[in-house]
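Structure first, then comments.
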Amino acid sequence: MDLNADLGEGFGVWRLGDDLALLDIITSANVACGFHAGDPPTMRRVTAEATARGVAVGAQVSYRDLAGFGRRRIDYEYEPLRDEVLYQIAALDGICRVAGGRVRYVKPHGALYHAASVDEEQAAALVAAMRAYDPALPVLCLPGSMLAATAAAAGLRTVTEGFADRGYRDDGTLVPRGHPGAVLTWEQAAPQVVRLAGTVESICVHSDTPGAVTLARRVRHHLQRDGISLRPFV
């Protein structure tokens, strides 16, 4: 089982979450590529620390929406979205290689994650960028989503993901942020982690969830207590 978190989601003097603490807990790091958060110094620092710890680095690609933290839906046309995703993967991979590592997978962030789960054109644009850069890169996504189907049809490896700290609706989609039950406490998350462990390949904890480090540590302990070993999926 893999345990992932979104990291590097600050820029300049502003920091979000405790990247270093989470890197000692997780096995895969979804690193912001500068469009919803992150800047070159942040990207370099996080990729260097992840590589030193043996944590897999993934490109956390998003809409170009720094002010909205990438959580606002944008109706991109196919080609601009494809090229902006390609740009982000290449930028993070270049910085990661300086640290002696490389980008090992891709995960969309925020509104792009949700849009690509249901929107065929946005899913296709994301997949096209990945195929153009490196068709061996896996994509981390919701099981049964449009992105999962589009990626599989294009020959990409898909890795199914569940969320420890987010509420689910009956149809398997996430409760939208701002709605009751969208973000879970550990007491609410614990039984969900047990269910997810048998159905997905990776579990995510968001670094901006209150108490994220403690929650991630508890998720790791919970899984290992049940005999589940943790390692990167790539």
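Ordering of the structure tokens sets the chain letters (A, B, ...), residue numbers begin anew at 1 in every chain, and ligands are numbered from 1 in the order given.
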Practice task
Skip region 150-163 of chain A itself and residues of its chain fewer than 4 positions away, then list as a list in words all residues within 7 Å of it, counting only C-alpha atoms.
Solution key: Ala123, Ala124, Val127, Pro135, Ala136, Pro138, Val139, Leu140, Cys141, Leu142, Pro143, Met146, Leu196, Val200, Glu201, Ser202, Ile203, Cys204 and Val205 of chain A
Give me, as JSON lines, the closest atom pair and its distance (Å, one decimal) for every residue of region 13-121 of chain A within a cut-off of 12 Å of region 177-187 of chain A, counting only C-alpha atoms, rows sorted by chain and rising number.
```
{"residue": "A:Arg71", "atom": "CA", "partner": "A:Arg177", "partner_atom": "CA", "distance": 9.2}
{"residue": "A:Arg72", "atom": "CA", "partner": "A:Arg177", "partner_atom": "CA", "distance": 11.1}
{"residue": "A:Gly110", "atom": "CA", "partner": "A:Arg177", "partner_atom": "CA", "distance": 10.1}
{"residue": "A:Ala111", "atom": "CA", "partner": "A:Arg177", "partner_atom": "CA", "distance": 10.7}
{"residue": "A:His114", "atom": "CA", "partner": "A:Arg177", "partner_atom": "CA", "distance": 11.6}
```
Spatial neighbours of Phe69 (chain A), 7 Å, only C-alpha atoms, chain gap at least 4 places, as a JSON list (two decimals) with N, CA and C atoms, in the first residue's frame:
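For reference, part29.json as written:
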```json
[["chain", "number", "residue", "atom", "x", "y", "z"],
["A", 36, "HIS", "N", -0.85, 26.07, -9.18],
["A", 36, "HIS", "CA", -1.79, 26.37, -8.09],
["A", 36, "HIS", "C", -1.04, 26.74, -6.82],
["A", 37, "ALA", "N", 0.22, 26.35, -6.76],
["A", 37, "ALA", "CA", 1.11, 26.63, -5.63],
["A", 37, "ALA", "C", 2.50, 26.17, -6.05],
["A", 65, "ASP", "N", -4.00, 28.71, -11.67],
["A", 65, "ASP", "CA", -4.94, 29.39, -10.77],
["A", 65, "ASP", "C", -4.32, 29.55, -9.40]]
```
Fill in the blank from the handout: Between CA of Pro232 (chain A) and CA of Gly198 (chain A) lies a distance of 16.6 Å
Practice task
Would you list, as number ranges by chain, the residues of region 163-200 of chain A that end up in strand (DSSP E or B) under DSSP run on this structure's backbone?
Solution key: A: 163, 166, 168, 174, 183
Problem - Who sits within 10 Å of Gly100 (chain A), only C-alpha atoms, same chain under 6 positions skipped, as a PyMOL selection string - result: chain A and resi 47-48+51-52
For the residues in the current selection, export N, CA and C atoms as a PDB file, in the first residue's frame.
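Output (result35.pdb):
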```pdb
ATOM      1  N   THR A  47      11.693  18.272  -3.562  1.00  0.00           N
ATOM      2  CA  THR A  47      12.158  17.117  -4.330  1.00  0.00           C
ATOM      3  C   THR A  47      13.479  16.587  -3.785  1.00  0.00           C
ATOM      4  N   ALA A  48      14.355  17.489  -3.322  1.00  0.00           N
ATOM      5  CA  ALA A  48      15.627  17.042  -2.750  1.00  0.00           C
ATOM      6  C   ALA A  48      15.392  16.249  -1.467  1.00  0.00           C
ATOM      7  N   THR A  51      13.733  12.832  -2.365  1.00  0.00           N
ATOM      8  CA  THR A  51      14.697  11.914  -2.972  1.00  0.00           C
ATOM      9  C   THR A  51      15.637  11.347  -1.916  1.00  0.00           C
ATOM     10  N   ALA A  52      16.082  12.180  -0.991  1.00  0.00           N
ATOM     11  CA  ALA A  52      16.993  11.725   0.064  1.00  0.00           C
ATOM     12  C   ALA A  52      16.340  10.678   0.965  1.00  0.00           C
TER      13      ALA A  52
END
```
Problem - Polymer residues at most 10 Å from region 83-99 of chain A, only C-alpha atoms, same-chain spacing of 5 or more positions, as a PyMOL selection string - result: chain A and resi 31-35+39-41+43-52+57-64+78+104-106+108+125-134
Just the selected residues (N, CA and C atoms), exported as a short mmCIF file (atom, residue, chain, number, x, y, z; two decimals), in the first residue's frame, please.
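Heads up, here's the output in selection24.cif:
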```cif
data_model
loop_
_atom_site.label_atom_id
_atom_site.label_comp_id
_atom_site.auth_asym_id
_atom_site.auth_seq_id
_atom_site.Cartn_x
_atom_site.Cartn_y
_atom_site.Cartn_z
N VAL A 31 4.01 16.74 -5.68
CA VAL A 31 4.64 18.04 -5.51
C VAL A 31 4.03 19.06 -6.46
N ALA A 32 3.57 20.19 -5.90
CA ALA A 32 2.98 21.26 -6.70
C ALA A 32 4.00 21.79 -7.71
N CYS A 33 3.53 22.08 -8.91
CA CYS A 33 4.41 22.43 -10.03
C CYS A 33 4.39 23.91 -10.40
N GLY A 34 3.83 24.76 -9.53
CA GLY A 34 3.90 26.19 -9.76
C GLY A 34 2.64 26.85 -10.27
N PHE A 35 1.61 26.06 -10.62
CA PHE A 35 0.41 26.66 -11.20
C PHE A 35 -0.67 26.95 -10.16
N ASP A 39 6.89 27.14 -6.13
CA ASP A 39 7.78 27.96 -6.94
C ASP A 39 9.09 27.19 -7.05
N PRO A 40 10.03 27.63 -7.90
CA PRO A 40 11.25 26.84 -8.08
C PRO A 40 12.00 26.51 -6.80
N PRO A 41 12.21 27.47 -5.87
CA PRO A 41 12.91 27.08 -4.63
C PRO A 41 12.14 26.04 -3.82
N MET A 43 9.95 23.82 -5.00
CA MET A 43 10.01 22.56 -5.75
C MET A 43 11.35 21.88 -5.54
N ARG A 44 12.43 22.67 -5.59
CA ARG A 44 13.76 22.07 -5.43
C ARG A 44 13.95 21.53 -4.01
N ARG A 45 13.53 22.28 -3.02
CA ARG A 45 13.69 21.85 -1.63
C ARG A 45 12.92 20.55 -1.37
N VAL A 46 11.68 20.50 -1.80
CA VAL A 46 10.85 19.32 -1.52
C VAL A 46 11.33 18.10 -2.29
N THR A 47 11.69 18.27 -3.56
CA THR A 47 12.16 17.12 -4.33
C THR A 47 13.48 16.59 -3.78
N ALA A 48 14.36 17.49 -3.32
CA ALA A 48 15.63 17.04 -2.75
C ALA A 48 15.39 16.25 -1.47
N GLU A 49 14.51 16.76 -0.62
CA GLU A 49 14.22 16.07 0.64
C GLU A 49 13.52 14.72 0.39
N ALA A 50 12.61 14.70 -0.57
CA ALA A 50 11.91 13.45 -0.90
C ALA A 50 12.88 12.42 -1.44
N THR A 51 13.73 12.83 -2.37
CA THR A 51 14.70 11.91 -2.97
C THR A 51 15.64 11.35 -1.92
N ALA A 52 16.08 12.18 -0.99
CA ALA A 52 16.99 11.72 0.06
C ALA A 52 16.34 10.68 0.96
N VAL A 57 8.44 10.88 -6.07
CA VAL A 57 7.96 12.22 -6.40
C VAL A 57 7.01 12.14 -7.59
N GLY A 58 5.83 12.73 -7.42
CA GLY A 58 4.87 12.83 -8.51
C GLY A 58 4.60 14.29 -8.83
N ALA A 59 4.27 14.56 -10.09
CA ALA A 59 3.92 15.92 -10.52
C ALA A 59 2.46 16.18 -10.21
N GLN A 60 2.20 17.13 -9.32
CA GLN A 60 0.83 17.50 -8.97
C GLN A 60 0.41 18.66 -9.88
N VAL A 61 -0.14 18.32 -11.02
CA VAL A 61 -0.45 19.32 -12.05
C VAL A 61 -1.83 19.91 -11.80
N SER A 62 -2.02 21.14 -12.27
CA SER A 62 -3.28 21.82 -11.96
C SER A 62 -3.60 22.87 -13.02
N TYR A 63 -4.74 23.50 -12.85
CA TYR A 63 -5.05 24.70 -13.62
C TYR A 63 -4.09 25.82 -13.23
N ARG A 64 -3.92 26.78 -14.14
CA ARG A 64 -3.13 27.98 -13.82
C ARG A 64 -4.02 28.90 -12.99
N TYR A 78 -8.83 21.98 -25.23
CA TYR A 78 -7.97 20.80 -25.17
C TYR A 78 -6.48 21.14 -25.28
N ARG A 104 8.02 10.40 -11.09
CA ARG A 104 7.68 8.98 -11.28
C ARG A 104 6.21 8.72 -11.53
N TYR A 105 5.37 9.74 -11.40
CA TYR A 105 3.95 9.60 -11.71
C TYR A 105 3.34 10.99 -11.79
N VAL A 106 2.07 11.06 -12.17
CA VAL A 106 1.35 12.32 -12.28
C VAL A 106 0.02 12.20 -11.53
N PRO A 108 -3.38 14.89 -10.96
CA PRO A 108 -3.98 16.22 -11.05
C PRO A 108 -4.44 16.71 -9.69
N ALA A 125 -6.87 15.62 -22.51
CA ALA A 125 -5.77 16.57 -22.56
C ALA A 125 -4.68 16.19 -21.56
N LEU A 126 -5.07 15.77 -20.38
CA LEU A 126 -4.11 15.37 -19.37
C LEU A 126 -3.34 14.12 -19.82
N VAL A 127 -4.07 13.16 -20.36
CA VAL A 127 -3.45 11.92 -20.84
C VAL A 127 -2.50 12.20 -22.01
N ALA A 128 -2.90 13.09 -22.91
CA ALA A 128 -2.04 13.42 -24.05
C ALA A 128 -0.72 14.04 -23.60
N ALA A 129 -0.78 14.89 -22.59
CA ALA A 129 0.46 15.49 -22.07
C ALA A 129 1.38 14.42 -21.48
N MET A 130 0.81 13.48 -20.76
CA MET A 130 1.61 12.43 -20.17
C MET A 130 2.23 11.54 -21.23
N ARG A 131 1.45 11.18 -22.24
CA ARG A 131 1.98 10.34 -23.31
C ARG A 131 3.08 11.05 -24.09
N ALA A 132 2.93 12.35 -24.27
CA ALA A 132 3.93 13.11 -25.00
C ALA A 132 5.24 13.19 -24.23
N TYR A 133 5.16 13.31 -22.92
CA TYR A 133 6.36 13.46 -22.12
C TYR A 133 7.01 12.11 -21.81
N ASP A 134 6.22 11.19 -21.29
CA ASP A 134 6.73 9.87 -20.93
C ASP A 134 5.57 8.91 -20.74
#
```
Exercise for the section: Measure the distance from CA of Thr209 (chain A) to CA of Ala189 (chain A) in Å and round it to one decimal. Expected result: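 Going from CA of Thr209 (chain A) over to CA of Ala189 (chain A), I get 12.1 Å.
One distance worth recording is that between CA of Asp165 (chain A) and CA of Arg195 (chain A), which is 13.0 Å.
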Exercise for the section: Would you please give, as an MDAnalysis selection string, all residues of region 91-218 of chain A that DSSP assigns to alpha helix (DSSP H) based on the backbone? Expected result: chainID A and resid 91:98 110:118 120:133 146:153 186:197 212:218
Output C-alpha atoms for every residue in that selection, as a PDB file, in the first residue's frame.
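What landed in again_13.pdb:
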```
ATOM      1  CA  ALA A  91       9.461  21.681 -15.030  1.00  0.00           C
ATOM      2  CA  LEU A  92       9.209  19.479 -11.964  1.00  0.00           C
ATOM      3  CA  ASP A  93      11.090  16.636 -13.609  1.00  0.00           C
ATOM      4  CA  GLY A  94      13.990  18.941 -14.469  1.00  0.00           C
ATOM      5  CA  ILE A  95      14.257  20.161 -10.888  1.00  0.00           C
ATOM      6  CA  CYS A  96      13.856  16.642  -9.550  1.00  0.00           C
ATOM      7  CA  ARG A  97      16.707  15.332 -11.721  1.00  0.00           C
ATOM      8  CA  VAL A  98      19.064  17.921 -10.220  1.00  0.00           C
ATOM      9  CA  GLY A 110      -8.078  20.158  -7.044  1.00  0.00           C
ATOM     10  CA  ALA A 111     -10.587  21.226  -9.664  1.00  0.00           C
ATOM     11  CA  LEU A 112      -8.619  19.566 -12.464  1.00  0.00           C
ATOM     12  CA  TYR A 113      -8.724  16.265 -10.546  1.00  0.00           C
ATOM     13  CA  HIS A 114     -12.490  16.465 -10.302  1.00  0.00           C
ATOM     14  CA  ALA A 115     -13.033  17.757 -13.847  1.00  0.00           C
ATOM     15  CA  ALA A 116     -10.850  15.055 -15.411  1.00  0.00           C
ATOM     16  CA  SER A 117     -12.810  12.463 -13.434  1.00  0.00           C
ATOM     17  CA  VAL A 118     -15.969  13.275 -15.410  1.00  0.00           C
ATOM     18  CA  GLU A 120     -13.754  13.492 -21.431  1.00  0.00           C
ATOM     19  CA  GLU A 121     -11.921  16.396 -23.084  1.00  0.00           C
ATOM     20  CA  GLN A 122     -10.030  17.441 -19.966  1.00  0.00           C
ATOM     21  CA  ALA A 123      -9.129  13.831 -19.205  1.00  0.00           C
ATOM     22  CA  ALA A 124      -7.890  13.419 -22.784  1.00  0.00           C
ATOM     23  CA  ALA A 125      -5.766  16.570 -22.557  1.00  0.00           C
ATOM     24  CA  LEU A 126      -4.109  15.367 -19.365  1.00  0.00           C
ATOM     25  CA  VAL A 127      -3.446  11.922 -20.840  1.00  0.00           C
ATOM     26  CA  ALA A 128      -2.043  13.417 -24.050  1.00  0.00           C
ATOM     27  CA  ALA A 129       0.456  15.487 -22.066  1.00  0.00           C
ATOM     28  CA  MET A 130       1.607  12.427 -20.165  1.00  0.00           C
ATOM     29  CA  ARG A 131       1.979  10.337 -23.314  1.00  0.00           C
ATOM     30  CA  ALA A 132       3.934  13.115 -25.002  1.00  0.00           C
ATOM     31  CA  TYR A 133       6.365  13.465 -22.122  1.00  0.00           C
ATOM     32  CA  MET A 146     -13.211   9.182 -16.792  1.00  0.00           C
ATOM     33  CA  LEU A 147      -9.513   9.848 -16.296  1.00  0.00           C
ATOM     34  CA  ALA A 148      -8.874   6.235 -15.307  1.00  0.00           C
ATOM     35  CA  ALA A 149     -10.733   4.950 -18.375  1.00  0.00           C
ATOM     36  CA  THR A 150      -9.078   7.417 -20.757  1.00  0.00           C
ATOM     37  CA  ALA A 151      -5.609   6.687 -19.431  1.00  0.00           C
ATOM     38  CA  ALA A 152      -6.096   2.926 -19.607  1.00  0.00           C
ATOM     39  CA  ALA A 153      -7.394   3.171 -23.174  1.00  0.00           C
ATOM     40  CA  TRP A 186      -9.330  11.014  12.516  1.00  0.00           C
ATOM     41  CA  GLU A 187     -12.247   9.422  14.370  1.00  0.00           C
ATOM     42  CA  GLN A 188     -14.303   9.692  11.182  1.00  0.00           C
ATOM     43  CA  ALA A 189     -11.402   8.672   8.954  1.00  0.00           C
ATOM     44  CA  ALA A 190     -10.325   5.515  10.810  1.00  0.00           C
ATOM     45  CA  PRO A 191     -13.090   3.176   9.552  1.00  0.00           C
ATOM     46  CA  GLN A 192     -12.768   4.695   6.071  1.00  0.00           C
ATOM     47  CA  VAL A 193      -9.045   3.874   6.007  1.00  0.00           C
ATOM     48  CA  VAL A 194      -9.872   0.223   6.747  1.00  0.00           C
ATOM     49  CA  ARG A 195     -12.326   0.113   3.828  1.00  0.00           C
ATOM     50  CA  LEU A 196      -9.967   1.880   1.443  1.00  0.00           C
ATOM     51  CA  ALA A 197      -7.056  -0.431   2.231  1.00  0.00           C
ATOM     52  CA  ALA A 212      -2.454  16.530   8.810  1.00  0.00           C
ATOM     53  CA  VAL A 213       0.818  15.231  10.269  1.00  0.00           C
ATOM     54  CA  THR A 214      -0.927  13.515  13.172  1.00  0.00           C
ATOM     55  CA  LEU A 215      -3.587  12.117  10.860  1.00  0.00           C
ATOM     56  CA  ALA A 216      -0.983  10.771   8.412  1.00  0.00           C
ATOM     57  CA  ARG A 217       0.984   9.197  11.263  1.00  0.00           C
ATOM     58  CA  ARG A 218      -2.176   7.513  12.543  1.00  0.00           C
TER      59      ARG A 218
END
```
Practice task
Find the spatial neighbours of Asp19 (chain A), counting only C-alpha atoms, within a cut-off of 8 Å - ignore same-chain residues fewer than 4 positions away - and output them as JSON, numbers by chain.
Solution key: {"A": [7, 8, 23, 46, 207]}
Residues of the last selection are to be written out with C-alpha atoms, as a PDB file, in the first residue's frame.
```
ATOM      1  CA  LEU A   7       3.417  18.792  -0.782  1.00  0.00           C
ATOM      2  CA  GLY A   8       5.262  21.951  -1.783  1.00  0.00           C
ATOM      3  CA  LEU A  23       8.044  13.204   4.186  1.00  0.00           C
ATOM      4  CA  VAL A  46      10.849  19.323  -1.516  1.00  0.00           C
ATOM      5  CA  SER A 207      -1.269  18.520   3.885  1.00  0.00           C
TER       6      SER A 207
END
```
